[in-house]
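One structure below.
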Amino acid sequence: MCLRFPLYHPLHYYFSLRPITITINISSPASLLLSHFYSFLSPSSSFFMAPPAAMEETAPTINLLSNINDGNNAASHISRVTVVGSGNWGSVAAKLIASNTLMLASFHDEVRMWVFEEILPTGQKLTEVINQTNENVKYLPGIKLGKNVVADPDLDNAVRDANMLVFVTPHQFMEGICKRLVGKLKDDVVAISLIKGMEVKMEGPHMISTLISEQLRVNCCVLMGANIANEIAVEKFSEATVGYRENREVAEKWVQLFSTPYFVVTPVQDVEGVELCGTLKNVVALAAGFVDGLEMGNNTKAAIMRIGLREMRAFSKLLFSSVKDSTFFESCGVADLITTCLGGRNRRVAEAFAKNGGKRSFDELEAEMLQGQKLQGVSTAREVYEVLSHRGWLELFPLFATVHEISVGRLPPSAIVEYSEHKPNCSLVEGSAQYF
Ligand SMILES: NC(=O)c1ccc[n+]([C@@H]2O[C@H](COP(=O)([O-])OP(=O)(O)OC[C@H]3O[C@@H](n4cnc5c(N)ncnc54)[C@H](O)[C@@H]3O)[C@@H](O)[C@H]2O)c1
């Protein structure tokens with residue numbers, strides 16, 4: 001039996017070269033040598049295995065949005081990038097992008113970063129300190145962002161010349177930000193959302209990428225993945241997924257902008273699937289945190305992750321029939337679920353919540369433990385719960401429903417295992433059984 005190993009070098013990203021492919025017989029001594037070669041590689045080394053891009057499905061999805069700039073222009077000329085948001089992940093995104101704009105001729109070197117202005121305990125403005133030290137001392141201390149990152153407290157000014165906008169703020173601020181940006185953008189702007197979360201309105205759930213597309217009339221992709229910001233900040237190897245709707249060329253431009261040897265990005269034609277994975281895993285992470293706080297062990301946590309993944313898939317497919325099963329096997333799916341349930345901030349604060357027997361609120365713990373960073377899981381659990389009760393789906397999603405009931409104090413943390421083991425009542429929604 002033969003295996004083919006594509007190898008990438010950083011230059012492959014910068015010049016869109018084809019990978020070098022090595023073909024070996026797995027029973028040959030060469031396979032042994034190659035396995036030593038791979039185990040020898042560190043994540044920051046120049047060569048590494050290629051992402052499984054071939055796993056992507058290419059079936060078309062339905063375009064729900066009409067009359068928007070489809071981004072055809074942005075795919076072809078020199079682009080200016082602005083990052084809207086400057087928290088922990090926002091700062092890391094700016095660093096990744098800034099390292100690439102310096103090297104890629106199709107982008108202007110400078111990367112603007114809109115900063116929600118804050119006064120630091122020293123009395124200085126956060127933007128001034130970022131521009132003087134090249135470091136976001138509040139949200140990403142100790143990491144240089146790149147000298148071509150310019151912090152700007154003025155939103156209008158930050159986006160004025162941009163034709164590629166990267167949105168990366170906590171989701172609760174996005175509606176206000178979009179309102180402020182209406183009519184302020186260039187005609188050829190395309191956007192990408194790195195935001196995990198959704199909005200629930202009278203007419204139903206609204207993904208953040210849809211909010212951006214509809215309010216700003218722009219093509220909006222999403223980027224999600226197993227990406228704990230602090231690990232990427234120190235250039236540890238990880239993967240991410242870009243979800244796009246129709247325009248593959250624009251998706252590839254985003255892939256080019258974000259990809260580095262330690263950050264491997266794969267495009268998938270499934271915006272809703274990618275975005276819902278990133279959003280819903282934060283609810284499962286709270287459940288994992290409860291289990292950790294109650295010291296229930298790894299088997300229980302694995303069970304919670306499995307049930308959580310099943311509910312993530314069923315919820316996504318019930319909301320959007322275009323969502324693909326294969327998306328759940330990308331970095332945005334199972335990989336992000338695992339990393340968030342092992343190491344993320346939602347898990348950590350939920351663990352503290354359970355350790356305190358649910359007697360200290362999430363708001364209190366967030367303020368004490370996160371120093372200005374925001375929890376997304378609690379608000380997402382509430383939003384998911386609203387959708388479930390509005391649509392009569394509560395009995396279909398015992399884990400999601402229980403996480404919300406625990407986080408608002410209606411059930412004790414120990415309820416996470418009592419309720420999660422209930423079988424979903426699929427007879428409630430016609431055709432839903434196929435998704436579980
Ligand atoms: N941190 C991670 O590891 C990570 C990884 C992947 C995705 N994300 C997602 O990225 C998004 C942004 O998270 P983050 O980690 O960059 O932020 P964060 O939680 O570290 O920081 C909060 C940010 O919100 C800003 N802010 C506070 N009040 C505001 C207001 N009224 N209006 C606008 N902004 C305000 C703060 O200045 C700060 O920049 C979230 O959706 C998150 O789920 C985070």
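Just so we're on the same page: first chain in the structure tokens is A, next is B, and so on; residues restart at 1 for each chain, and ligands are numbered from 1 in the order they show up.
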**OP:** Please extract the residues at most 6 Å from ligand 1, counting only C-alpha atoms and all ligand atoms, and provide them as JSON, numbers by chain, using the chain letters and residue numbers of this document.
**Re:** {"A": [85, 86, 87, 88, 89, 90, 116, 139, 168, 169, 170, 171, 173, 194, 195, 196, 227, 228, 229, 373, 374, 376]}
Subject >> Residue set, range 201-390 of chain A restricted to helix (DSSP H, G or I), as number ranges by chain >> reply: A: 208-216, 229-233, 248-258, 271-293, 298-319, 325-329, 331-343, 345-355, 362-370, 377-390
Original post:
Tell me, which residues of range 196-311 of chain A carry DSSP strand (DSSP E or B), written as a ChimeraX atom specification?
Top reply: /A:198-201,204-207,218-224,238-243,260,263-268
For the residues in the current selection, export C-alpha atoms as a compact mmCIF listing (two decimals), in the first residue's frame.
```txt
# COMPACT_ATOMS: atom_id res chain seq x y z
CA MET A 198 -25.63 34.78 17.59
CA GLU A 199 -28.53 37.14 18.05
CA VAL A 200 -32.08 36.02 18.66
CA LYS A 201 -34.79 38.28 17.30
CA GLY A 204 -35.70 33.91 14.70
CA PRO A 205 -31.98 33.40 15.25
CA HIS A 206 -29.60 35.64 13.35
CA MET A 207 -26.01 34.61 12.75
CA VAL A 218 -21.14 43.08 2.02
CA ASN A 219 -19.96 39.54 1.32
CA CYS A 220 -19.16 38.07 4.75
CA CYS A 221 -17.16 34.87 5.28
CA VAL A 222 -16.42 33.39 8.72
CA LEU A 223 -13.24 32.01 10.29
CA MET A 224 -13.58 29.57 13.20
CA SER A 238 -3.12 25.04 14.95
CA GLU A 239 -5.75 24.88 12.22
CA ALA A 240 -8.79 26.95 11.30
CA THR A 241 -11.70 26.84 8.86
CA VAL A 242 -12.95 29.62 6.59
CA GLY A 243 -16.64 29.26 5.78
CA THR A 260 1.12 30.99 8.30
CA PHE A 263 -1.79 28.53 11.37
CA VAL A 264 -3.24 26.34 8.62
CA VAL A 265 -6.55 27.49 7.16
CA THR A 266 -8.96 25.40 5.05
CA PRO A 267 -11.93 26.83 3.10
CA VAL A 268 -15.33 25.13 3.34
```
With range 409-417 of chain A as the partner and 7 Å as the cut-off, tabulate the residues of range 311-386 of chain A that qualify, each row holding the nearest pair of atoms and their distance in Å to one decimal, using only C-alpha atoms, sorted by chain and rising number, as a Markdown table.
```
| residue | atom | partner | partner_atom | distance |
| --- | --- | --- | --- | --- |
| A:Ala354 | CA | A:Pro413 | CA | 5.6 |
| A:Gly357 | CA | A:Pro413 | CA | 6.7 |
| A:Gly358 | CA | A:Pro413 | CA | 6.5 |
```
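Close contacts of Leu337 in chain A, defined as residues with an atom at most 10 Å away when counting only C-alpha atoms, with chain neighbours fewer than 3 positions off set aside, comprise Gly225, Ala226, Cys277, Gly278, Leu280, Lys281, Asn282, Val283, Val284, Ala285, Met305, Arg306, Gly308, Leu309, Met312, Phe328, Ser331, Cys332, Gly333, Val334, Thr340, Cys341, Leu342 and Gly344 of chain A.
If you measure from each of A:Met296, A:Val429, A:Met103, A:Met113 to Phe315 in chain A using only C-alpha atoms, the closest one turns out to be A:Val429.
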